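As provided, entry.txt (compact mmCIF, C-alpha atoms) reads as follows.
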```
# COMPACT_ATOMS: atom_id res chain seq x y z
CA MET A 1 0.00 0.00 0.00
CA ASP A 2 1.41 3.39 -0.99
CA ILE A 3 1.93 6.00 1.68
CA SER A 4 -0.73 8.67 2.05
CA SER A 5 -0.31 11.61 4.40
CA ALA A 6 -3.95 12.64 4.26
CA ASP A 7 -4.74 10.72 7.44
CA PRO A 8 -6.79 12.97 9.76
CA ASP A 9 -4.66 11.95 12.74
CA ILE A 10 -1.53 13.12 10.95
CA ALA A 11 -3.24 16.36 9.99
CA ARG A 12 -4.25 17.11 13.59
CA PRO A 13 -2.23 20.17 14.68
CA ARG A 14 0.05 20.19 17.67
CA THR A 15 -0.85 22.93 20.10
CA ARG A 16 2.59 24.44 20.15
CA ARG A 17 6.00 23.81 18.87
CA GLY A 18 8.23 21.69 21.05
CA ARG A 19 11.07 23.10 23.06
CA TRP A 20 14.42 21.58 23.77
CA TRP A 21 14.86 23.27 27.15
CA PRO A 22 12.29 24.92 29.44
CA ARG A 23 12.78 28.64 30.01
CA VAL A 24 12.53 28.37 33.75
CA LEU A 25 15.51 26.04 33.82
CA ILE A 26 18.01 28.22 32.05
CA ALA A 27 19.58 30.03 34.99
CA LEU A 28 19.70 26.83 37.02
CA SER A 29 21.00 24.65 34.22
CA VAL A 30 23.69 27.08 33.14
CA ALA A 31 24.88 27.28 36.72
CA LEU A 32 24.90 23.49 36.99
CA ALA A 33 26.82 23.19 33.73
CA LEU A 34 29.41 25.74 34.78
CA ALA A 35 29.79 24.08 38.14
CA ALA A 36 30.29 20.75 36.40
CA GLY A 37 33.00 22.31 34.32
CA GLY A 38 17.54 20.95 23.63
CA CYS A 39 13.07 23.27 20.84
CA SER A 40 11.33 26.52 20.47
CA ASP A 41 11.77 30.11 21.47
CA GLY A 42 8.28 30.15 22.81
CA SER A 43 6.40 31.14 19.69
CA PRO A 44 3.25 29.17 20.38
CA LYS A 45 2.61 27.80 16.95
CA PRO A 46 3.16 24.28 15.82
CA PRO A 47 2.15 23.26 12.36
CA ALA A 48 -0.79 21.32 11.23
CA ARG A 49 0.55 18.07 9.92
CA GLY A 50 -0.97 18.61 6.52
CA ALA A 51 -1.49 16.25 3.63
CA GLY A 52 1.52 15.85 1.41
CA PRO A 53 1.65 15.40 -2.35
CA GLY A 54 -0.17 12.43 -3.75
CA ALA A 55 1.78 9.21 -3.76
CA GLY A 56 3.14 7.91 -7.02
CA PRO A 57 5.20 4.95 -8.14
CA GLY A 58 8.60 4.55 -6.54
CA ALA A 59 11.38 4.96 -9.10
CA GLY A 60 14.79 6.55 -9.21
CA ALA A 61 15.62 9.32 -11.65
CA ALA A 62 17.54 6.84 -13.73
CA GLY A 63 14.39 4.79 -14.14
CA GLY A 64 15.22 1.88 -11.86
CA ALA A 65 12.00 0.78 -10.20
CA LEU A 66 11.91 0.29 -6.44
CA PRO A 67 9.17 -1.23 -4.29
CA GLY A 68 6.63 1.32 -3.10
CA VAL A 69 6.71 2.55 0.49
CA GLY A 70 3.95 0.82 2.42
CA ILE A 71 2.47 2.05 5.67
CA SER A 72 0.52 0.47 8.51
CA GLY A 73 -1.10 3.07 10.72
CA HIS A 74 1.70 5.62 10.84
CA THR A 75 4.57 3.17 10.64
CA TYR A 76 6.33 2.53 7.35
CA GLN A 77 6.41 -1.15 6.49
CA VAL A 78 9.82 -2.80 6.12
CA PRO A 79 10.71 -6.44 5.46
CA GLN A 80 10.76 -8.57 8.61
CA PRO A 81 13.45 -9.65 9.10
CA LEU A 82 15.27 -6.87 7.28
CA PRO A 83 17.69 -8.39 4.76
CA PRO A 84 21.18 -7.01 5.51
CA ALA A 85 22.54 -4.36 3.19
CA ALA A 86 25.15 -1.61 3.17
CA PRO A 87 24.27 1.74 4.77
CA GLY A 88 22.47 3.98 2.33
CA THR A 89 21.01 1.09 0.34
CA LEU A 90 17.44 1.88 -0.71
CA ILE A 91 14.65 -0.31 0.60
CA ALA A 92 11.67 1.38 -1.07
CA ALA A 93 10.63 4.72 -2.58
CA ASN A 94 7.52 6.67 -3.55
CA ASP A 95 7.75 9.43 -6.14
CA HIS A 96 5.23 12.14 -5.18
CA GLY A 97 5.93 14.36 -8.18
CA THR A 98 6.03 18.13 -7.82
CA ASP A 99 5.78 19.59 -4.32
CA ALA A 100 4.19 23.00 -4.78
CA GLN A 101 4.60 23.85 -1.08
CA ILE A 102 8.39 23.48 -1.05
CA ALA A 103 9.89 25.37 -4.01
CA GLY A 104 8.20 23.22 -6.65
CA ALA A 105 10.70 20.45 -5.98
CA ARG A 106 10.27 16.85 -7.00
CA ARG A 107 9.61 14.91 -3.80
CA TRP A 108 10.21 11.30 -2.84
CA THR A 109 9.56 9.39 0.36
CA VAL A 110 12.21 6.71 0.76
CA LEU A 111 13.30 3.98 3.15
CA TYR A 112 16.98 3.15 3.42
CA HIS A 113 19.44 1.13 5.49
CA SER A 114 21.49 2.73 8.26
CA ARG A 115 23.40 1.54 11.35
CA ASN A 116 22.69 2.46 14.94
CA ALA A 117 25.06 3.15 17.84
CA HIS A 118 25.55 -0.61 18.30
CA ASP A 119 26.31 -1.18 14.59
CA ALA A 120 23.00 -2.95 13.97
CA ASP A 121 21.28 -2.60 10.59
CA VAL A 122 18.18 -0.39 10.95
CA PRO A 123 15.64 0.99 8.47
CA VAL A 124 15.17 4.76 8.32
CA SER A 125 12.59 6.90 6.51
CA ASP A 126 13.46 10.06 4.65
CA VAL A 127 12.31 12.69 2.19
CA VAL A 128 14.37 13.60 -0.88
CA LEU A 129 13.72 16.91 -2.66
CA VAL A 130 15.29 17.99 -5.95
CA PRO A 131 14.86 21.42 -7.59
CA PRO A 132 12.76 21.48 -10.77
CA GLU A 133 15.42 23.22 -12.88
CA PRO A 134 17.95 21.25 -14.94
CA PRO A 135 21.05 20.41 -12.89
CA PRO A 136 24.24 22.42 -13.39
CA PRO A 137 27.35 20.80 -14.88
CA GLY A 138 28.67 18.35 -12.31
CA GLY A 139 25.30 17.99 -10.63
CA ARG A 140 23.64 19.54 -7.59
CA PRO A 141 25.36 19.45 -4.20
CA VAL A 142 23.28 17.99 -1.38
CA VAL A 143 22.12 19.43 1.94
CA ALA A 144 21.29 16.76 4.52
CA TRP A 145 18.68 18.48 6.71
CA ALA A 146 18.39 17.33 10.34
CA HIS A 147 15.11 18.26 12.03
CA GLY A 148 14.37 19.34 15.57
CA THR A 149 12.10 17.57 18.03
CA THR A 150 8.67 16.57 16.73
CA GLY A 151 7.87 13.69 19.10
CA VAL A 152 8.77 10.02 19.40
CA ALA A 153 5.61 8.45 17.93
CA ASP A 154 5.75 7.29 14.31
CA ARG A 155 3.03 9.69 13.27
CA CYS A 156 5.32 12.56 14.32
CA ALA A 157 7.86 11.71 11.59
CA PRO A 158 8.45 14.86 9.49
CA SER A 159 8.15 12.81 6.29
CA HIS A 160 4.42 12.49 7.03
CA ALA A 161 3.96 16.27 6.91
CA ALA A 162 3.74 18.50 3.86
CA ASN A 163 5.92 21.09 5.64
CA LEU A 164 8.33 18.49 7.07
CA GLY A 165 7.23 19.27 10.58
CA TYR A 166 7.17 23.06 10.80
CA ASN A 167 6.62 25.93 8.39
CA ALA A 168 10.03 27.35 9.27
CA TYR A 169 11.59 24.07 8.15
CA ALA A 170 9.79 24.24 4.81
CA GLN A 171 11.09 27.81 4.42
CA GLU A 172 14.65 26.81 5.28
CA ILE A 173 14.63 23.82 2.95
CA GLY A 174 12.99 25.92 0.24
CA ALA A 175 15.88 28.39 0.47
CA PHE A 176 18.37 25.55 -0.12
CA LEU A 177 16.39 24.29 -3.11
CA LYS A 178 16.12 27.75 -4.65
CA ALA A 179 19.90 28.12 -4.26
CA GLY A 180 20.39 24.98 -6.34
CA TYR A 181 20.90 22.29 -3.70
CA ALA A 182 19.13 18.95 -3.50
CA VAL A 183 17.88 18.15 0.01
CA THR A 184 17.56 14.92 1.92
CA ALA A 185 15.65 15.05 5.21
CA THR A 186 15.92 12.01 7.45
CA ASP A 187 13.37 11.10 10.11
CA TYR A 188 16.10 9.35 12.24
CA PRO A 189 15.80 5.70 13.39
CA GLY A 190 12.54 4.63 14.98
CA LEU A 191 10.60 7.74 13.95
CA GLY A 192 8.25 6.50 11.25
CA THR A 193 9.87 3.06 11.24
CA PRO A 194 9.43 0.10 13.63
CA GLY A 195 10.74 0.47 17.17
CA MET A 196 11.03 3.40 19.55
CA HIS A 197 12.81 6.51 18.27
CA THR A 198 16.30 6.69 19.79
CA TYR A 199 15.81 10.33 20.67
CA LEU A 200 19.06 12.27 21.22
CA VAL A 201 21.27 9.22 20.66
CA GLY A 202 23.86 11.05 18.62
CA ALA A 203 25.38 8.14 16.69
CA ASP A 204 21.97 6.96 15.50
CA GLU A 205 21.07 10.44 14.29
CA GLY A 206 24.44 11.24 12.74
CA ASN A 207 24.68 7.91 10.91
CA ALA A 208 21.17 8.39 9.55
CA VAL A 209 22.09 11.85 8.25
CA VAL A 210 25.17 10.59 6.41
CA ASP A 211 23.45 7.49 5.06
CA SER A 212 20.55 9.59 3.78
CA VAL A 213 22.98 11.26 1.36
CA THR A 214 24.17 7.91 0.04
CA ALA A 215 20.53 6.86 -0.38
CA ALA A 216 19.65 10.09 -2.21
CA ARG A 217 22.52 9.58 -4.66
CA ARG A 218 21.28 6.06 -5.39
CA LEU A 219 17.83 7.45 -6.05
CA VAL A 220 19.05 10.43 -8.09
CA PRO A 221 22.41 9.38 -9.57
CA ASP A 222 23.33 12.75 -11.14
CA LEU A 223 23.78 14.55 -7.81
CA ALA A 224 27.18 16.11 -7.15
CA PRO A 225 29.56 14.37 -4.70
CA THR A 226 29.71 17.46 -2.46
CA TRP A 227 27.37 17.55 0.51
CA PHE A 228 26.68 19.48 3.72
CA THR A 229 24.56 18.93 6.78
CA VAL A 230 22.39 21.59 8.41
CA GLY A 231 20.32 20.92 11.52
CA HIS A 232 18.28 22.71 14.16
CA SER A 233 18.07 21.90 17.90
CA GLN A 234 17.95 18.09 18.07
CA GLY A 235 19.10 18.31 14.46
CA GLY A 236 21.96 20.64 15.39
CA GLN A 237 23.22 17.90 17.68
CA ALA A 238 22.69 15.41 14.81
CA SER A 239 24.68 17.58 12.40
CA ILE A 240 27.72 17.61 14.69
CA PHE A 241 27.55 13.84 15.06
CA ALA A 242 27.18 13.53 11.28
CA ALA A 243 30.32 15.61 10.81
CA ASN A 244 32.18 12.94 12.77
CA ALA A 245 30.65 10.12 10.72
CA THR A 246 31.51 11.26 7.19
CA LYS A 247 33.83 8.30 6.61
CA ARG A 248 30.63 6.33 6.13
CA ALA A 249 30.46 7.92 2.67
CA PRO A 250 34.08 7.67 1.48
CA GLY A 251 33.32 8.46 -2.15
CA LEU A 252 31.75 11.81 -1.34
CA ARG A 253 33.18 15.22 -0.44
CA PHE A 254 31.91 16.67 2.83
CA GLY A 255 31.90 20.46 2.75
CA GLY A 256 30.95 21.15 6.35
CA ALA A 257 28.24 21.17 9.02
CA VAL A 258 25.88 23.83 10.32
CA ALA A 259 24.49 23.34 13.84
CA ILE A 260 21.69 25.75 14.74
CA ALA A 261 21.12 25.91 18.52
CA PRO A 262 22.37 22.35 18.97
CA ALA A 263 21.01 20.26 21.84
CA SER A 264 23.71 19.69 24.45
CA HIS A 265 24.37 19.42 28.21
CA LEU A 266 22.33 16.26 28.53
CA ASN A 267 24.06 15.52 31.82
CA VAL A 268 22.15 18.31 33.60
CA MET A 269 18.76 17.95 31.97
CA LEU A 270 17.04 15.51 34.32
CA PRO A 271 18.05 17.14 37.64
CA GLY A 272 17.24 20.52 36.11
CA VAL A 273 13.73 19.45 35.17
CA ILE A 274 13.11 18.02 38.63
CA ALA A 275 14.42 21.15 40.36
CA ALA A 276 12.27 23.44 38.21
CA HIS A 277 8.98 21.94 39.48
CA ASN A 278 7.32 22.81 36.18
CA PRO A 279 5.02 19.92 35.25
CA GLY A 280 4.35 21.35 31.79
CA GLN A 281 8.01 20.97 30.81
CA LEU A 282 8.60 17.28 31.40
CA THR A 283 7.96 16.07 27.85
CA PHE A 284 11.54 16.26 26.65
CA ALA A 285 12.97 14.64 29.75
CA LEU A 286 10.61 11.71 29.17
CA TYR A 287 11.52 11.61 25.46
CA SER A 288 15.17 11.46 26.48
CA LEU A 289 14.54 8.57 28.84
CA ALA A 290 12.64 6.76 26.08
CA GLY A 291 15.52 7.29 23.66
CA LEU A 292 18.06 6.08 26.21
CA ASN A 293 15.97 3.00 26.97
CA ALA A 294 15.62 2.27 23.24
CA THR A 295 19.38 2.20 22.76
CA ASP A 296 20.12 0.56 26.13
CA PRO A 297 17.24 -1.68 27.28
CA SER A 298 19.06 -2.36 30.54
CA VAL A 299 17.77 1.06 31.63
CA GLY A 300 14.45 -0.75 32.14
CA LEU A 301 12.21 2.29 31.80
CA PRO A 302 8.98 0.67 33.17
CA ARG A 303 10.86 -0.58 36.22
CA LEU A 304 12.73 2.71 36.55
CA LEU A 305 9.61 4.89 36.57
CA GLY A 306 7.15 2.51 38.21
CA PRO A 307 3.56 1.78 37.09
CA SER A 308 1.97 5.19 37.69
CA ALA A 309 4.70 7.32 36.09
CA MET A 310 5.05 4.84 33.23
CA ARG A 311 1.35 5.18 32.42
CA THR A 312 1.80 8.94 32.18
CA ALA A 313 4.94 8.59 30.08
CA SER A 314 3.20 6.19 27.70
CA GLN A 315 0.51 8.81 27.03
CA VAL A 316 3.19 11.40 26.30
CA PHE A 317 5.00 9.06 23.93
CA GLU A 318 1.85 8.52 21.86
CA GLU A 319 1.41 12.20 20.99
CA CYS A 320 3.37 14.68 18.94
CA ILE A 321 4.66 17.86 20.56
CA ASN A 322 2.01 19.24 22.88
CA ASP A 323 3.20 21.83 25.38
CA PRO A 324 2.20 21.21 28.09
CA HIS A 325 1.01 17.68 27.46
CA PRO A 326 -2.43 17.14 29.05
CA ALA A 327 -1.15 14.13 31.00
CA LEU A 328 1.46 16.34 32.68
CA ILE A 329 -0.63 19.36 33.60
CA ARG A 330 -1.48 18.03 37.07
CA THR A 331 1.61 15.89 37.50
CA ALA A 332 4.41 17.05 39.77
CA SER A 333 7.95 16.63 38.51
CA GLU A 334 8.78 14.16 41.25
CA GLN A 335 5.76 12.05 40.27
CA ALA A 336 6.56 12.04 36.56
CA ILE A 337 10.24 11.19 37.15
CA PRO A 338 10.35 9.53 40.60
CA LEU A 339 14.11 9.12 40.86
CA ASP A 340 16.60 10.11 43.54
CA SER A 341 19.51 12.45 42.88
CA ALA A 342 22.07 9.65 42.53
CA ARG A 343 20.00 7.88 39.89
CA LEU A 344 19.35 11.13 38.03
CA ALA A 345 23.06 11.89 37.98
CA ALA A 346 23.92 8.41 36.72
CA LEU A 347 21.32 8.63 33.95
CA GLY A 348 22.61 12.08 33.01
CA ARG A 349 26.13 10.75 32.61
CA THR A 350 24.86 7.96 30.37
CA MET A 351 22.76 10.35 28.28
CA ALA A 352 25.77 12.63 27.89
CA ALA A 353 27.93 9.73 26.74
CA TYR A 354 25.42 8.90 24.03
CA GLY A 355 24.36 12.40 23.09
CA ASN A 356 26.54 15.35 24.07
CA PRO A 357 27.94 16.67 20.77
CA ASP A 358 31.15 18.16 22.17
CA ARG A 359 33.05 15.04 23.22
CA THR A 360 35.00 14.47 19.98
CA ALA A 361 36.92 16.95 17.81
CA VAL A 362 35.24 17.93 14.54
CA ARG A 363 37.84 17.97 11.75
CA SER A 364 35.66 19.55 9.06
CA PRO A 365 34.35 23.14 8.93
CA LEU A 366 31.58 23.69 11.46
CA LEU A 367 29.32 26.73 11.76
CA ILE A 368 27.45 27.03 15.07
CA ILE A 369 24.49 29.40 14.88
CA GLN A 370 22.76 30.73 17.95
CA GLY A 371 20.03 33.20 18.81
CA GLY A 372 21.15 35.61 21.48
CA ASN A 373 17.70 35.50 23.09
CA ASP A 374 17.19 31.76 22.78
CA LEU A 375 15.24 30.71 25.87
CA ASP A 376 15.48 26.99 25.13
CA VAL A 377 19.09 26.37 24.15
CA PRO A 378 20.95 29.15 25.97
CA ALA A 379 23.63 31.00 24.07
CA GLN A 380 26.07 30.12 26.87
CA TRP A 381 25.59 26.43 26.12
CA SER A 382 26.41 26.73 22.43
CA ALA A 383 29.41 28.89 23.27
CA GLN A 384 30.60 26.20 25.67
CA VAL A 385 30.08 23.51 23.01
CA ALA A 386 32.28 25.51 20.63
CA ALA A 387 34.92 26.03 23.32
CA ASN A 388 34.96 22.34 24.21
CA LEU A 389 35.31 21.33 20.56
CA ARG A 390 38.19 23.76 20.07
CA ALA A 391 39.90 22.43 23.18
CA LEU A 392 39.70 18.94 21.65
CA GLY A 393 41.54 20.17 18.55
CA SER A 394 38.73 21.10 16.16
CA PRO A 395 40.45 23.32 13.60
CA ALA A 396 37.64 25.20 11.81
CA ILE A 397 34.78 26.29 14.05
CA THR A 398 32.88 29.49 13.30
CA GLU A 399 30.29 30.95 15.66
CA ARG A 400 27.51 33.33 14.70
CA THR A 401 25.18 34.79 17.32
CA TYR A 402 22.15 36.86 16.32
CA PRO A 403 21.24 39.37 19.05
CA GLY A 404 17.55 39.38 19.92
CA SER A 405 16.78 36.16 18.03
CA GLY A 406 15.09 33.23 19.67
CA HIS A 407 15.22 29.52 19.00
CA ASP A 408 13.06 29.61 15.86
CA ASP A 409 13.40 33.00 14.17
CA VAL A 410 17.17 32.54 14.01
CA LEU A 411 16.48 30.13 11.14
CA GLY A 412 15.34 32.97 8.91
CA ARG A 413 17.92 35.50 10.08
CA SER A 414 20.80 33.09 9.47
CA SER A 415 19.66 31.66 6.12
CA CYS A 416 21.93 33.79 3.92
CA ASP A 417 24.91 33.25 6.21
CA ILE A 418 24.37 29.49 5.95
CA LEU A 419 24.31 29.69 2.15
CA ASP A 420 27.47 31.82 2.25
CA PHE A 421 29.20 29.28 4.51
CA MET A 422 28.36 26.45 2.13
CA SER A 423 29.45 28.50 -0.90
CA LYS A 424 32.85 29.10 0.69
CA HIS A 425 33.30 25.36 1.28
CA GLY A 426 32.50 24.01 -2.15
CA GLY A 427 28.78 24.68 -2.44
CA ARG A 428 26.74 26.76 -4.86
CA PRO A 429 27.46 30.46 -5.46
CA THR A 430 25.36 32.49 -3.06
CA GLY A 431 24.05 35.16 -5.42
CA ALA A 432 21.46 37.65 -4.20
CA CYS A 433 20.01 36.57 -0.88
CA THR A 434 17.50 38.05 1.54
CA PRO A 435 16.94 36.48 4.98
CA PHE A 436 13.40 35.23 5.39
CA ARG A 437 11.01 36.01 8.21
CA THR A 438 10.16 32.78 9.97
CA LEU A 439 6.51 31.81 9.56
CA PRO A 440 4.58 30.52 12.57
CA GLY A 441 3.34 26.96 12.57
```
Represent the supplied structure as structure tokens.
Amino acid sequence: MDISSADPDIARPRTRRGRWWPRVLIALSVALALAAGGCSDGSPKPPARGAGPGAGPGAGAAGGALPGVGISGHTYQVPQPLPPAAPGTLIAANDHGTDAQIAGARRWTVLYHSRNAHDADVPVSDVVLVPPEPPPPGGRPVVAWAHGTTGVADRCAPSHAANLGYNAYAQEIGAFLKAGYAVTATDYPGLGTPGMHTYLVGADEGNAVVDSVTAARRLVPDLAPTWFTVGHSQGGQASIFAANATKRAPGLRFGGAVAIAPASHLNVMLPGVIAAHNPGQLTFALYSLAGLNATDPSVGLPRLLGPSAMRTASQVFEECINDPHPALIRTASEQAIPLDSARLAALGRTMAAYGNPDRTAVRSPLLIIQGGNDLDVPAQWSAQVAANLRALGSPAITERTYPGSGHDDVLGRSSCDILDFMSKHGGRPTGACTPFRTLPG
């Protein structure tokens, strides 16, 4: 059965865009981070998960037919067991034709092979977008887009949405397409595909980003070998991990990574949430525990939380971003995450080991973009990430901070600077460029 994104459940709007870090935690969490040595600036507007282009037959640009992408509920169907294949190998594809909402690009939904943090073969879903104009000599370079938090349920996968999750993301991706880049936009493992999404597990996300480029080139063989990754919030973290996983695509030329307000400081998230006593801001802590449990089942999340808290968490996991989630409105922090300080600290160390993006030097060019008034990923955090990466020997880190910008509107303000960064590192000529004003929703 071909995928259709006209399902009314998928189209149901989220009540507000998800945040990486609650505002009320910033002063506390920065102090904790400094003592020790996440997704929205608060604009209250998530997107409706609208119907995408009509599904068509799955076929690569070179004419090689692929099986169509099937779907059961909101989960893409993959062979069980999954026959082993190299990362980036295509499993299935649907050609949706022209996408009028995103720069008139030709749009595919694809499934491809990747590897997780434990080197296991996993299926991942993805969207590939190619500009409608004829390609330049040598082909179009590729931008691997890495999205921010949308949820952990399969129906929250950006590939289900016409705007890939948020209107600002459609704008950002549209700017890349208009500049002459092809775009691949992964959902990450377990988001749209069987199994729990390994939320904030950096290796899973980074591998999926790199392997999405290999998959796109197998679908559209005339793409250029040069590629970049750009990501926001959770995706900023993913972009840094992808920059350290580029050897997965040895035949390609990696130009550099852009990390916009990257998620970091996972070691202080759980105690910070508990200390804040803000029941409406527990969603992302629970997502993080779910992601940790998915990559390390020994965490034993049901046993860890206990029956009552696990029932609440299960309700949260079934919904896309909803701030505050109804199940958490009357739930105290200590009830939602009933763990003592020692256990919280131990979990934070494990989360940091899997997900902090500043533990390994980045050898390729890296641009870190930050809104000066970001109330979800504080500017101090991104500055510390950059400092830590430099201390590890990263040779080419550039920081750009936009005074007055929050977590979301920095996407529009930085768009021309991102294109300029890519142009200087082997991408398309920038040409005339005007920053866009980020649309709500």
* **Exercise: stretch 378-390 of chain A partners within 6 Å, all atoms listed in the file, chain neighbours under 4 positions left out, as a PyMOL selection string** => chain A and resi 358+361+372+374+394
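Atom CA of A:Leu191 is found 6.4 Å from atom CA of A:Ala153.
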* Within 9 Å of (14.4, 15.2, 1.6) (coordinates as in the file), grab all the protein and nucleic acid residues, counting only C-alpha atoms, and write them out as a ChimeraX atom specification. => /A:107-110,126-130,143-145,159,164,173,182-186,212,216
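Taking atom CA of A:Ile321 as the reference point, atom CA of A:Asn356 is found at 22.3 Å.
Using all atoms listed in the file for every distance, the candidate list A:Ile102, A:Val316, A:Ala309, A:Val362 yields A:Ile102 as the residue closest to A:Asn167.
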* To do: Give me the residues within 10 Å of A:Glu318 as an MDAnalysis selection string, counting only C-alpha atoms and dropping any in the same chain fewer than 2 places off.
  => chainID A and resid 151:156 313:316 320:321
Using C-alpha atoms, can you export the residues from the last selection as an mmCIF file, keeping the file's coordinate frame?
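Writing done, so here's out26.cif:
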```
data_model
loop_
_atom_site.group_PDB
_atom_site.id
_atom_site.type_symbol
_atom_site.label_atom_id
_atom_site.label_comp_id
_atom_site.auth_asym_id
_atom_site.auth_seq_id
_atom_site.Cartn_x
_atom_site.Cartn_y
_atom_site.Cartn_z
ATOM 1 C CA GLY A 151 7.870 13.690 19.100
ATOM 2 C CA VAL A 152 8.770 10.020 19.400
ATOM 3 C CA ALA A 153 5.610 8.450 17.930
ATOM 4 C CA ASP A 154 5.750 7.290 14.310
ATOM 5 C CA ARG A 155 3.030 9.690 13.270
ATOM 6 C CA CYS A 156 5.320 12.560 14.320
ATOM 7 C CA ALA A 313 4.940 8.590 30.080
ATOM 8 C CA SER A 314 3.200 6.190 27.700
ATOM 9 C CA GLN A 315 0.510 8.810 27.030
ATOM 10 C CA VAL A 316 3.190 11.400 26.300
ATOM 11 C CA CYS A 320 3.370 14.680 18.940
ATOM 12 C CA ILE A 321 4.660 17.860 20.560
#
```
